[in-house]
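J.: So here's final.cif (mmCIF, C-alpha atoms).
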data_data
#
loop_
_atom_site.label_atom_id
_atom_site.label_comp_id
_atom_site.auth_asym_id
_atom_site.auth_seq_id
_atom_site.Cartn_x
_atom_site.Cartn_y
_atom_site.Cartn_z
CA MET A 1266 86.36 59.35 39.25
CA THR A 1267 84.68 56.32 37.83
CA VAL A 1268 84.73 52.60 37.25
CA HIS A 1269 84.88 51.36 33.68
CA ASN A 1270 84.63 47.60 33.85
CA LEU A 1271 85.46 44.47 35.79
CA TYR A 1272 86.73 41.02 34.89
CA LEU A 1273 86.85 37.94 37.07
CA PHE A 1274 89.10 35.08 35.96
CA ASP A 1275 89.78 31.70 37.48
CA ARG A 1276 93.07 29.84 37.58
CA ASN A 1277 92.59 28.34 34.14
CA GLY A 1278 91.88 31.63 32.42
CA VAL A 1279 88.13 31.17 32.22
CA CYS A 1280 86.35 34.50 32.45
CA LEU A 1281 83.93 33.86 35.29
CA HIS A 1282 82.26 37.20 35.11
CA TYR A 1283 82.38 40.44 33.17
CA SER A 1284 80.46 43.63 33.71
CA GLU A 1285 80.90 47.19 32.61
CA TRP A 1286 79.61 50.59 33.74
CA HIS A 1287 81.10 53.58 31.97
CA ARG A 1288 82.81 52.16 28.98
CA LYS A 1289 82.41 54.48 26.05
CA LYS A 1290 84.63 52.65 23.59
CA GLN A 1291 84.62 48.91 22.97
CA ALA A 1292 87.66 46.93 21.94
CA GLY A 1293 86.14 46.09 18.56
CA ILE A 1294 86.73 42.36 18.90
CA PRO A 1295 84.39 39.62 20.12
CA LYS A 1296 84.09 39.45 23.92
CA GLU A 1297 85.66 36.00 24.05
CA GLU A 1298 88.72 37.32 22.23
CA GLU A 1299 88.89 40.26 24.57
CA TYR A 1300 88.88 37.99 27.64
CA LYS A 1301 91.64 35.87 26.17
CA LEU A 1302 93.69 38.92 25.34
CA MET A 1303 93.24 40.31 28.82
CA TYR A 1304 94.10 37.04 30.51
CA GLY A 1305 97.11 36.49 28.28
CA MET A 1306 98.41 39.96 29.08
CA LEU A 1307 97.92 39.46 32.82
CA PHE A 1308 99.61 36.09 32.67
CA SER A 1309 102.62 37.54 30.90
CA ILE A 1310 102.87 40.65 33.04
CA ARG A 1311 102.74 38.52 36.17
CA SER A 1312 105.61 36.33 35.14
CA PHE A 1313 107.53 39.33 33.80
CA VAL A 1314 107.11 41.22 37.06
CA SER A 1315 108.24 38.30 39.18
CA LYS A 1316 111.25 37.57 36.94
CA MET A 1317 112.41 41.19 36.95
CA SER A 1318 111.84 41.79 40.64
CA PRO A 1319 115.15 42.78 42.30
CA LEU A 1320 113.79 41.71 45.70
CA ASP A 1321 111.70 38.83 46.91
CA MET A 1322 108.20 39.37 45.60
CA LYS A 1323 105.40 39.91 48.04
CA ASP A 1324 102.12 40.78 46.41
CA GLY A 1325 103.48 40.98 42.91
CA PHE A 1326 101.71 42.88 40.20
CA LEU A 1327 99.12 45.32 41.59
CA ALA A 1328 98.18 47.86 38.93
CA PHE A 1329 99.26 49.70 35.80
CA GLN A 1330 98.09 52.91 34.28
CA THR A 1331 97.98 54.52 30.88
CA SER A 1332 97.20 58.11 30.00
CA ARG A 1333 93.47 57.41 30.18
CA TYR A 1334 92.77 54.55 32.55
CA LYS A 1335 94.16 52.48 35.40
CA LEU A 1336 93.97 48.70 35.69
CA HIS A 1337 93.80 47.28 39.22
CA TYR A 1338 94.69 43.66 39.78
CA TYR A 1339 94.09 41.33 42.71
CA GLU A 1340 94.98 37.67 42.79
CA THR A 1341 94.37 35.03 45.46
CA PRO A 1342 96.67 32.06 46.07
CA THR A 1343 94.01 29.92 44.40
CA GLY A 1344 94.48 31.93 41.23
CA ILE A 1345 91.18 33.81 41.23
CA LYS A 1346 91.89 37.14 39.55
CA VAL A 1347 89.84 40.27 40.00
CA VAL A 1348 90.58 43.01 37.47
CA MET A 1349 89.00 46.45 37.59
CA ASN A 1350 89.55 49.30 35.19
CA THR A 1351 88.99 52.78 36.58
CA ASP A 1352 90.00 56.26 35.60
CA LEU A 1353 93.26 57.78 36.83
CA GLY A 1354 91.95 59.46 39.95
CA VAL A 1355 91.38 56.21 41.84
CA GLY A 1356 94.04 55.23 44.39
CA PRO A 1357 94.92 51.71 45.57
CA ILE A 1358 91.74 49.62 45.84
CA ARG A 1359 93.07 46.31 47.09
CA ASP A 1360 90.47 46.21 49.84
CA VAL A 1361 87.68 46.74 47.31
CA LEU A 1362 88.90 43.91 45.11
CA HIS A 1363 89.38 41.70 48.16
CA HIS A 1364 85.81 42.47 49.20
CA ILE A 1365 84.53 41.44 45.76
CA TYR A 1366 86.39 38.17 46.18
CA SER A 1367 85.58 37.39 49.80
CA ALA A 1368 82.11 38.83 50.33
CA LEU A 1369 80.65 38.31 46.87
CA TYR A 1370 82.44 35.56 44.95
CA VAL A 1371 83.13 33.26 47.91
CA GLU A 1372 79.83 33.89 49.66
CA LEU A 1373 77.53 33.73 46.65
CA VAL A 1374 79.30 31.45 44.22
CA VAL A 1375 81.74 29.17 46.04
CA LYS A 1376 79.31 28.50 48.88
CA ASN A 1377 76.44 27.91 46.52
CA PRO A 1378 76.45 24.21 45.63
CA LEU A 1379 74.32 24.96 42.58
CA CYS A 1380 77.07 27.09 41.06
CA PRO A 1381 79.61 24.88 39.33
CA LEU A 1382 83.15 26.20 39.67
CA GLY A 1383 85.30 26.91 36.66
CA GLN A 1384 82.66 28.30 34.34
CA THR A 1385 80.79 31.56 33.78
CA VAL A 1386 78.84 32.54 36.87
CA GLN A 1387 75.11 32.29 36.18
CA SER A 1388 73.93 33.51 39.56
CA GLU A 1389 71.66 36.49 39.20
CA LEU A 1390 72.16 37.32 42.87
CA PHE A 1391 75.89 37.55 42.36
CA ARG A 1392 75.46 39.88 39.39
CA SER A 1393 73.05 42.21 41.11
CA ARG A 1394 75.00 42.33 44.40
CA LEU A 1395 78.20 43.02 42.53
CA ASP A 1396 76.51 45.74 40.51
CA SER A 1397 75.09 47.48 43.54
CA TYR A 1398 78.37 47.13 45.44
CA VAL A 1399 80.34 48.76 42.62
CA ARG A 1400 77.73 51.49 42.25
CA SER A 1401 77.98 52.23 45.97
CA LEU A 1402 81.74 52.76 45.85
CA PRO A 1403 82.84 56.30 46.73
CA PHE A 1404 84.78 56.62 43.49
CA PHE A 1405 81.91 55.43 41.34
CA SER A 1406 80.31 58.41 39.72
CA ALA A 1407 77.88 58.70 36.89
CA ARG A 1408 79.40 61.77 35.32
CA ALA A 1409 82.86 60.93 34.19
CA GLY A 1410 84.96 60.69 31.11
CA MET B 1212 56.62 17.15 82.28
CA SER B 1213 54.64 13.92 82.19
CA ARG B 1214 52.41 15.30 79.47
CA GLN B 1215 55.42 15.97 77.36
CA ALA B 1216 56.73 12.52 78.00
CA ASN B 1217 53.36 11.16 76.99
CA ARG B 1218 53.42 13.05 73.76
CA GLY B 1219 56.85 11.66 73.08
CA THR B 1220 55.65 8.11 73.54
CA GLU B 1221 52.65 8.77 71.34
CA SER B 1222 54.72 10.05 68.46
CA LYS B 1223 57.10 7.13 68.78
CA LYS B 1224 54.17 4.76 68.56
CA MET B 1225 53.03 6.50 65.42
CA LEU B 1226 56.47 6.26 63.95
CA CYS B 1227 56.61 2.56 64.70
CA LYS B 1228 53.32 2.14 62.93
CA ASP B 1229 54.39 4.14 59.89
CA TYR B 1230 57.56 2.17 59.39
CA GLU B 1231 57.68 -1.54 59.21
CA ASN B 1232 60.93 -2.36 60.88
CA ASP B 1233 62.91 -0.85 63.69
CA GLU B 1234 65.78 -0.01 61.38
CA ASP B 1235 63.59 2.42 59.45
CA VAL B 1236 62.27 3.95 62.64
CA ASN B 1237 65.83 4.47 63.87
CA LYS B 1238 66.71 6.12 60.62
CA GLN B 1239 63.67 8.35 60.77
CA LEU B 1240 64.47 9.33 64.36
CA ASP B 1241 67.97 10.17 63.30
CA LYS B 1242 66.65 12.28 60.42
CA MET B 1243 64.27 14.09 62.75
CA GLY B 1244 67.12 14.73 65.12
CA TYR B 1245 69.14 16.13 62.29
CA ASN B 1246 66.38 18.54 61.34
CA ILE B 1247 66.11 19.62 64.94
CA GLY B 1248 69.88 19.92 65.18
CA VAL B 1249 70.31 22.26 62.28
CA ARG B 1250 67.82 24.65 63.86
CA LEU B 1251 68.86 24.03 67.44
CA ILE B 1252 72.29 25.34 66.71
CA GLU B 1253 70.75 28.69 65.81
CA ASP B 1254 68.81 28.68 69.05
CA PHE B 1255 71.94 27.76 70.95
CA LEU B 1256 73.83 30.59 69.35
CA ALA B 1257 70.99 32.98 70.00
CA ARG B 1258 70.82 32.08 73.71
CA SER B 1259 74.42 31.69 74.59
CA ASN B 1260 76.58 34.73 74.33
CA VAL B 1261 78.92 33.19 71.79
CA GLY B 1262 76.98 34.75 68.94
CA ARG B 1263 78.75 37.99 69.55
CA CYS B 1264 82.10 36.74 68.34
CA HIS B 1265 81.72 36.35 64.62
CA ASP B 1266 84.41 33.77 64.03
CA PHE B 1267 83.43 31.55 66.89
CA ARG B 1268 79.85 31.60 65.80
CA GLU B 1269 80.90 30.44 62.41
CA THR B 1270 83.14 27.80 63.88
CA ALA B 1271 80.50 26.42 66.21
CA ASP B 1272 78.04 26.34 63.36
CA VAL B 1273 80.43 24.54 61.12
CA ILE B 1274 81.42 22.00 63.76
CA ALA B 1275 77.84 21.11 64.60
CA LYS B 1276 76.88 20.73 60.98
CA VAL B 1277 79.96 18.74 60.14
CA ILE B 1278 79.38 16.33 63.01
CA ILE B 1279 75.72 15.80 62.25
CA LEU B 1280 76.20 15.64 58.53
CA SER B 1281 79.15 13.33 58.69
CA HIS B 1282 77.27 10.97 60.95
CA LEU B 1283 74.30 10.88 58.59
CA ALA B 1284 76.46 10.63 55.53
CA MET B 1285 78.46 7.81 57.07
CA GLN B 1286 75.33 5.71 57.60
CA THR B 1287 74.24 6.21 54.02
CA LEU B 1288 77.71 5.59 52.68
CA CYS B 1289 78.16 2.36 54.58
CA LYS B 1290 74.93 1.13 53.10
CA ASP B 1291 75.73 2.23 49.56
CA TYR B 1292 79.15 0.65 49.43
CA GLU B 1293 79.85 -2.91 50.23
CA ASN B 1294 83.27 -2.74 51.78
CA ASP B 1295 85.05 -0.24 53.97
CA GLU B 1296 87.73 0.39 51.38
CA ASP B 1297 85.16 1.84 49.01
CA VAL B 1298 83.66 3.95 51.77
CA ASN B 1299 87.10 5.31 52.62
CA LYS B 1300 87.68 6.16 49.00
CA GLN B 1301 84.31 7.84 48.74
CA LEU B 1302 84.97 9.87 51.90
CA ASP B 1303 88.23 11.04 50.46
CA LYS B 1304 86.47 12.10 47.27
CA MET B 1305 83.80 13.97 49.22
CA GLY B 1306 86.46 15.69 51.27
CA TYR B 1307 88.28 16.66 48.11
CA ASN B 1308 85.18 18.34 46.74
CA ILE B 1309 84.72 20.18 50.02
CA GLY B 1310 88.38 21.18 50.06
CA VAL B 1311 88.43 22.83 46.66
CA ARG B 1312 85.68 25.18 47.79
CA LEU B 1313 86.70 25.50 51.42
CA ILE B 1314 90.07 26.94 50.47
CA GLU B 1315 88.36 29.96 48.93
CA ASP B 1316 86.44 30.55 52.14
CA PHE B 1317 89.64 30.14 54.10
CA LEU B 1318 91.49 32.68 51.98
CA ALA B 1319 88.57 35.09 52.15
CA ARG B 1320 88.48 34.99 55.94
CA SER B 1321 92.08 34.74 56.93
CA ASN B 1322 94.51 37.16 55.49
CA VAL B 1323 96.99 34.44 54.68
CA GLY B 1324 98.98 34.86 51.51
CA ARG B 1325 100.98 32.36 49.52
CA CYS B 1326 103.31 30.15 51.53
CA HIS B 1327 106.99 30.12 50.74
CA ASP B 1328 107.70 26.57 51.79
CA PHE B 1329 106.05 23.44 53.06
CA ARG B 1330 106.92 24.25 56.67
CA GLU B 1331 104.97 27.45 56.46
CA THR B 1332 102.09 25.56 54.90
CA ALA B 1333 102.14 23.08 57.77
CA ASP B 1334 102.01 25.94 60.25
CA VAL B 1335 99.09 27.61 58.53
CA ILE B 1336 97.16 24.33 58.30
CA ALA B 1337 97.62 23.51 61.97
CA LYS B 1338 97.41 26.92 63.58
CA VAL B 1339 94.97 28.77 61.34
CA ALA B 1340 92.90 26.33 59.31
CA PHE B 1341 92.27 23.61 61.91
CA LYS B 1342 91.63 26.27 64.51
CA MET B 1343 89.16 28.05 62.26
CA TYR B 1344 87.14 25.07 61.11
CA LEU B 1345 87.47 22.48 63.85
CA GLY B 1346 88.45 24.56 66.84
CA ILE B 1347 91.57 22.52 67.55
CA THR B 1348 95.27 23.09 66.97
CA PRO B 1349 97.07 19.89 66.04
CA SER B 1350 100.76 19.70 66.71
CA ILE B 1351 103.24 19.28 63.89
CA THR B 1352 105.85 16.57 64.36
CA ASN B 1353 107.96 13.95 62.64
CA TRP B 1354 109.38 16.07 59.86
CA SER B 1355 111.20 13.98 57.32
CA PRO B 1356 114.84 15.03 56.82
CA ALA B 1357 114.03 16.37 53.34
CA GLY B 1358 111.27 18.54 54.78
CA ASP B 1359 108.61 17.12 52.50
CA GLU B 1360 106.69 15.04 55.03
CA PHE B 1361 105.21 15.80 58.41
CA SER B 1362 102.54 14.55 60.80
CA LEU B 1363 99.60 16.37 62.25
CA ILE B 1364 98.81 15.02 65.71
CA LEU B 1365 95.23 15.56 66.80
CA GLU B 1366 94.90 15.15 70.56
CA ASN B 1367 91.15 15.03 70.23
CA ASN B 1368 89.32 14.81 66.97
CA PRO B 1369 85.94 16.56 67.09
CA LEU B 1370 84.69 14.51 64.14
CA VAL B 1371 84.69 11.36 66.24
CA ASP B 1372 83.03 12.72 69.37
CA PHE B 1373 80.33 10.20 70.31
CA VAL B 1374 81.52 7.77 67.66
CA GLU B 1375 82.46 4.13 68.11
CA LEU B 1376 83.34 1.84 65.27
CA PRO B 1377 81.18 -1.28 65.09
CA ASP B 1378 83.10 -4.56 64.83
CA ASN B 1379 82.08 -5.16 61.23
CA HIS B 1380 83.57 -1.84 60.12
CA SER B 1381 87.00 -2.22 61.62
CA SER B 1382 88.84 -0.96 58.56
CA LEU B 1383 86.64 2.10 58.11
CA ILE B 1384 88.62 5.34 58.33
CA TYR B 1385 85.88 7.46 59.82
CA SER B 1386 87.62 10.80 59.40
CA ASN B 1387 89.04 10.13 55.96
CA LEU B 1388 87.08 13.16 54.83
CA LEU B 1389 89.77 15.31 56.43
CA CYS B 1390 92.43 13.86 54.16
CA GLY B 1391 90.33 14.69 51.15
CA VAL B 1392 89.76 18.23 52.37
CA LEU B 1393 93.49 18.78 52.87
CA ARG B 1394 94.29 17.32 49.47
CA GLY B 1395 91.63 19.36 47.66
CA ALA B 1396 92.40 22.61 49.40
CA LEU B 1397 96.15 22.37 48.83
CA GLU B 1398 95.70 21.37 45.22
CA MET B 1399 93.92 24.67 44.65
CA VAL B 1400 96.99 26.52 45.86
CA GLN B 1401 99.23 24.62 43.47
CA MET B 1402 100.43 21.95 45.87
CA ALA B 1403 99.95 18.28 45.17
CA VAL B 1404 100.05 16.41 48.48
CA GLU B 1405 99.19 13.03 49.85
CA ALA B 1406 97.36 12.84 53.16
CA LYS B 1407 96.58 9.69 55.09
CA PHE B 1408 95.73 8.50 58.56
CA VAL B 1409 98.44 6.52 60.26
CA GLN B 1410 96.95 6.50 63.76
CA ASP B 1411 93.34 6.78 64.78
CA THR B 1412 91.85 6.96 68.27
CA LEU B 1413 88.85 5.06 66.96
CA LYS B 1414 91.14 2.10 66.34
CA GLY B 1415 92.60 2.23 69.82
CA ASP B 1416 95.62 4.44 69.16
CA GLY B 1417 96.45 7.09 71.73
CA VAL B 1418 96.21 9.98 69.31
CA THR B 1419 95.03 10.63 65.78
CA GLU B 1420 97.84 11.21 63.32
CA ILE B 1421 97.56 12.44 59.75
CA ARG B 1422 100.67 12.02 57.64
CA MET B 1423 101.14 14.66 54.96
CA ARG B 1424 103.53 14.23 52.05
CA PHE B 1425 104.44 16.94 49.57
CA ILE B 1426 104.46 15.54 46.05
CA ARG B 1427 105.09 18.46 43.73
CA ARG B 1428 104.22 22.01 42.84
CA ILE B 1429 101.56 22.36 40.21
CA GLU B 1430 102.72 24.92 37.69
CA ASP B 1431 100.38 27.45 36.15
CA ASN B 1432 100.00 26.90 32.46
CA LEU B 1433 98.74 29.29 29.88
CA PRO B 1434 95.48 27.89 28.49
CA ALA B 1435 95.83 26.21 25.13
CA GLY B 1436 95.36 28.32 22.05
CA GLU B 1437 97.02 31.43 23.41
CA GLU B 1438 100.35 32.89 22.56
#
Could you take the file, read its structure, and then write that structure out as structure tokens?
T.:
Amino acid sequence: MTVHNLYLFDRNGVCLHYSEWHRKKQAGIPKEEEYKLMYGMLFSIRSFVSKMSPLDMKDGFLAFQTSRYKLHYYETPTGIKVVMNTDLGVGPIRDVLHHIYSALYVELVVKNPLCPLGQTVQSELFRSRLDSYVRSLPFFSARAG
Amino acid sequence: MSRQANRGTESKKMLCKDYENDEDVNKQLDKMGYNIGVRLIEDFLARSNVGRCHDFRETADVIAKVIILSHLAMQTLCKDYENDEDVNKQLDKMGYNIGVRLIEDFLARSNVGRCHDFRETADVIAKVAFKMYLGITPSITNWSPAGDEFSLILENNPLVDFVELPDNHSSLIYSNLLCGVLRGALEMVQMAVEAKFVQDTLKGDGVTEIRMRFIRRIEDNLPAGEE
């Protein structure tokens, strides 16, 4: 099991943070384009899911998987979106994504008056804490495909 | 005991020498008190057994800082702006800036999801948010027939503990910060609201009442330049 990469978006579609661990193949487009593509897809899938829902929606869109990877999605009512791509062996990781939001983003970025909201996070502390948190996850493993 | 008292008098004398007029000395004393306060709260939490409960510790910390900070800020504000109206506006703006960040903290701590209607929002504000940050639970009353307006009644407002309005600031809305916080926080969860004080114990009313009005839902828009 492994973690491929992680995106953090705000309500306006700004990519606040991106980091990757075991990503062997790149998308082949500039990073900015990739963020836009990702956000656009999430935006559409969200509205699609809520329109098609036969029952009242609760949490909405949580994850999707392909033959090679799984995309996990977590969104707060303020529109902060945490997106993590892992391989197929990883189960639901809502608590992990919530932890990234509550213990890392809120604690280190929102509560830091020197970090302006709504733009790429510059905080080195946030980056390194996030990196070590992801590396410490039980399903994070160096040898993986 | 008397030696301590002596030392106190000595340092006051020095202060009075360092600053020309009493106003400046008062300000300096207040600043010193503030610096003591922000550390004292840690000592208080260390000594009393409340430190064990995580949420209460946080709450106590927040209350103390809010009270001290708001008092300090109020003095500066009243000096910076000529009339109370401008101070009120500035307080609202400050509250707004606090609110847009505070909501993230609130969502991180409480496990509250999106509200389905304004009534649910009112409940969460009164029973969860006020309780978490100010340690009080205001009551919700006076719903408008359309369900888009309600009042939060604060029996006692911790922001105005030890506060009296001087005669020359009779139109100052001391706790206007709260309105800004509510407005900012709710805006971040796609709700445009208007919040204002309609009763204030500082002005001789029996209770403090904040009137909340739902304006509209802010829709998510796809950023420009995307299909």
J.: Do you know which residues lie at most 10 Å from (92.2, 27.5, 53.5), with coordinates as in the file and all atoms listed in the file counted, and could you write them as a tab-separated table (two decimals) with C-alpha atoms, in the frame of the given file?
T.:
chain	number	residue	atom	x	y	z
A	1342	PRO	CA	96.67	32.06	46.07
A	1343	THR	CA	94.01	29.92	44.40
B	1310	GLY	CA	88.38	21.18	50.06
B	1311	VAL	CA	88.43	22.83	46.66
B	1312	ARG	CA	85.68	25.18	47.79
B	1313	LEU	CA	86.70	25.50	51.42
B	1314	ILE	CA	90.07	26.94	50.47
B	1315	GLU	CA	88.36	29.96	48.93
B	1316	ASP	CA	86.44	30.55	52.14
B	1317	PHE	CA	89.64	30.14	54.10
B	1318	LEU	CA	91.49	32.68	51.98
B	1319	ALA	CA	88.57	35.09	52.15
B	1320	ARG	CA	88.48	34.99	55.94
B	1321	SER	CA	92.08	34.74	56.93
B	1323	VAL	CA	96.99	34.44	54.68
B	1335	VAL	CA	99.09	27.61	58.53
B	1336	ILE	CA	97.16	24.33	58.30
B	1339	VAL	CA	94.97	28.77	61.34
B	1340	ALA	CA	92.90	26.33	59.31
B	1341	PHE	CA	92.27	23.61	61.91
B	1343	MET	CA	89.16	28.05	62.26
B	1344	TYR	CA	87.14	25.07	61.11
B	1392	VAL	CA	89.76	18.23	52.37
B	1393	LEU	CA	93.49	18.78	52.87
B	1396	ALA	CA	92.40	22.61	49.40
B	1397	LEU	CA	96.15	22.37	48.83
B	1399	MET	CA	93.92	24.67	44.65
B	1400	VAL	CA	96.99	26.52	45.86
J.: Quote the spacing between CA of Thr1331 in chain A and CA of Asp1352 in chain A in Å to one decimal place.
T.: 9.4 Å
J.: Care to translate the PyMOL selection byres ((chain B and resi 1419) around 12) into actual residues of this file, as a PDB file with C-alpha atoms, keeping the file's coordinate frame?
T.:
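Output contents, as saved in out-v3.pdb:
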ATOM      1  CA  PRO B1349      97.070  19.890  66.040  1.00  0.00           C
ATOM      2  CA  SER B1350     100.760  19.700  66.710  1.00  0.00           C
ATOM      3  CA  SER B1362     102.540  14.550  60.800  1.00  0.00           C
ATOM      4  CA  LEU B1363      99.600  16.370  62.250  1.00  0.00           C
ATOM      5  CA  ILE B1364      98.810  15.020  65.710  1.00  0.00           C
ATOM      6  CA  LEU B1365      95.230  15.560  66.800  1.00  0.00           C
ATOM      7  CA  GLU B1366      94.900  15.150  70.560  1.00  0.00           C
ATOM      8  CA  ASN B1367      91.150  15.030  70.230  1.00  0.00           C
ATOM      9  CA  ASN B1368      89.320  14.810  66.970  1.00  0.00           C
ATOM     10  CA  PRO B1369      85.940  16.560  67.090  1.00  0.00           C
ATOM     11  CA  LEU B1370      84.690  14.510  64.140  1.00  0.00           C
ATOM     12  CA  VAL B1371      84.690  11.360  66.240  1.00  0.00           C
ATOM     13  CA  ILE B1384      88.620   5.340  58.330  1.00  0.00           C
ATOM     14  CA  TYR B1385      85.880   7.460  59.820  1.00  0.00           C
ATOM     15  CA  SER B1386      87.620  10.800  59.400  1.00  0.00           C
ATOM     16  CA  ASN B1387      89.040  10.130  55.960  1.00  0.00           C
ATOM     17  CA  LEU B1389      89.770  15.310  56.430  1.00  0.00           C
ATOM     18  CA  LYS B1407      96.580   9.690  55.090  1.00  0.00           C
ATOM     19  CA  PHE B1408      95.730   8.500  58.560  1.00  0.00           C
ATOM     20  CA  VAL B1409      98.440   6.520  60.260  1.00  0.00           C
ATOM     21  CA  GLN B1410      96.950   6.500  63.760  1.00  0.00           C
ATOM     22  CA  ASP B1411      93.340   6.780  64.780  1.00  0.00           C
ATOM     23  CA  THR B1412      91.850   6.960  68.270  1.00  0.00           C
ATOM     24  CA  LEU B1413      88.850   5.060  66.960  1.00  0.00           C
ATOM     25  CA  LYS B1414      91.140   2.100  66.340  1.00  0.00           C
ATOM     26  CA  GLY B1415      92.600   2.230  69.820  1.00  0.00           C
ATOM     27  CA  ASP B1416      95.620   4.440  69.160  1.00  0.00           C
ATOM     28  CA  GLY B1417      96.450   7.090  71.730  1.00  0.00           C
ATOM     29  CA  VAL B1418      96.210   9.980  69.310  1.00  0.00           C
ATOM     30  CA  GLU B1420      97.840  11.210  63.320  1.00  0.00           C
ATOM     31  CA  ILE B1421      97.560  12.440  59.750  1.00  0.00           C
ATOM     32  CA  ARG B1422     100.670  12.020  57.640  1.00  0.00           C
TER      33      ARG B1422
END
J.: Please write the residues picked by the PyMOL selection byres ((chain A) within 12 of (chain B)) on this file as a PyMOL selection string.
T.: chain A and resi 1275-1280+1298+1300-1309+1311-1312+1321-1325+1339-1345+1360+1362-1378+1380-1383
J.: Take the point (82.5, 42.1, 36.7) as written in the file and pick out every residue within 6 Å of it, counting only C-alpha atoms; give the list as a list in words.
T.: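 Residues with an atom close enough to that point: Leu1271, Tyr1272, His1282, Tyr1283 and Ser1284 of chain A.
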J.: For a test of reading the model, state the distance in Å between CA of Glu1234 in chain B and CA of Phe1373 in chain B, rounded to one decimal.
T.: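 Separation of CA of Glu1234 in chain B and CA of Phe1373 in chain B: 19.9 Å.
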J.: Give as a list of chain:residue names the residues that the PyMOL selection byres ((chain A and resi 1347) around 6) matches when applied to the coordinates above.
T.: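 After applying the PyMOL selection byres ((chain A and resi 1347) around 6), what remains is A:Leu1273, A:Tyr1338, A:Tyr1339, A:Lys1346, A:Val1348.
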J.: What does the file look like for those residues with C-alpha atoms, as a compact mmCIF listing (two decimals), keeping the file's coordinate frame?
T.:
# COMPACT_ATOMS: atom_id res chain seq x y z
CA LEU A 1273 86.85 37.94 37.07
CA TYR A 1338 94.69 43.66 39.78
CA TYR A 1339 94.09 41.33 42.71
CA LYS A 1346 91.89 37.14 39.55
CA VAL A 1348 90.58 43.01 37.47
J.: Neighbouring residues of Ala1357 in chain B were defined as those with any atom within 12 Å, considering all atoms listed in the file; residues of the same chain fewer than 4 positions away were excluded. Please report them as a PyMOL selection string.
T.: chain B and resi 1329-1330+1353+1361+1424-1425
J.: What's the 6 Å shell around Met1349 in chain A, counting only C-alpha atoms, without same-chain residues fewer than 6 positions away, as a list in words?
T.: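 Once the nearby chain positions are removed, what remains is Asn1270, Leu1271, Leu1336 and His1337 of chain A.
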J.: So what do you get for CA of Gly1354 in chain A versus CA of Thr1267 in chain A, distance-wise?
T.: 8.2 Å
J.: Taking all listed atoms of range 1409-1419 of chain B, build the axis-aligned box, pad each of the six sides by 3 Å, then write its centre and edge lengths in Å to one decimal as lines of an AutoDock Vina configuration file.
T.:
center_x = 93.6
center_y = 6.4
center_z = 66.0
size_x = 15.6
size_y = 14.5
size_z = 17.5
J.: Which residue is closest to Asp1328 in chain B? Choose from B:Val1374, B:Val1298, B:Ile1347, B:Met1402 and count all atoms listed in the file.
T.: B:Met1402
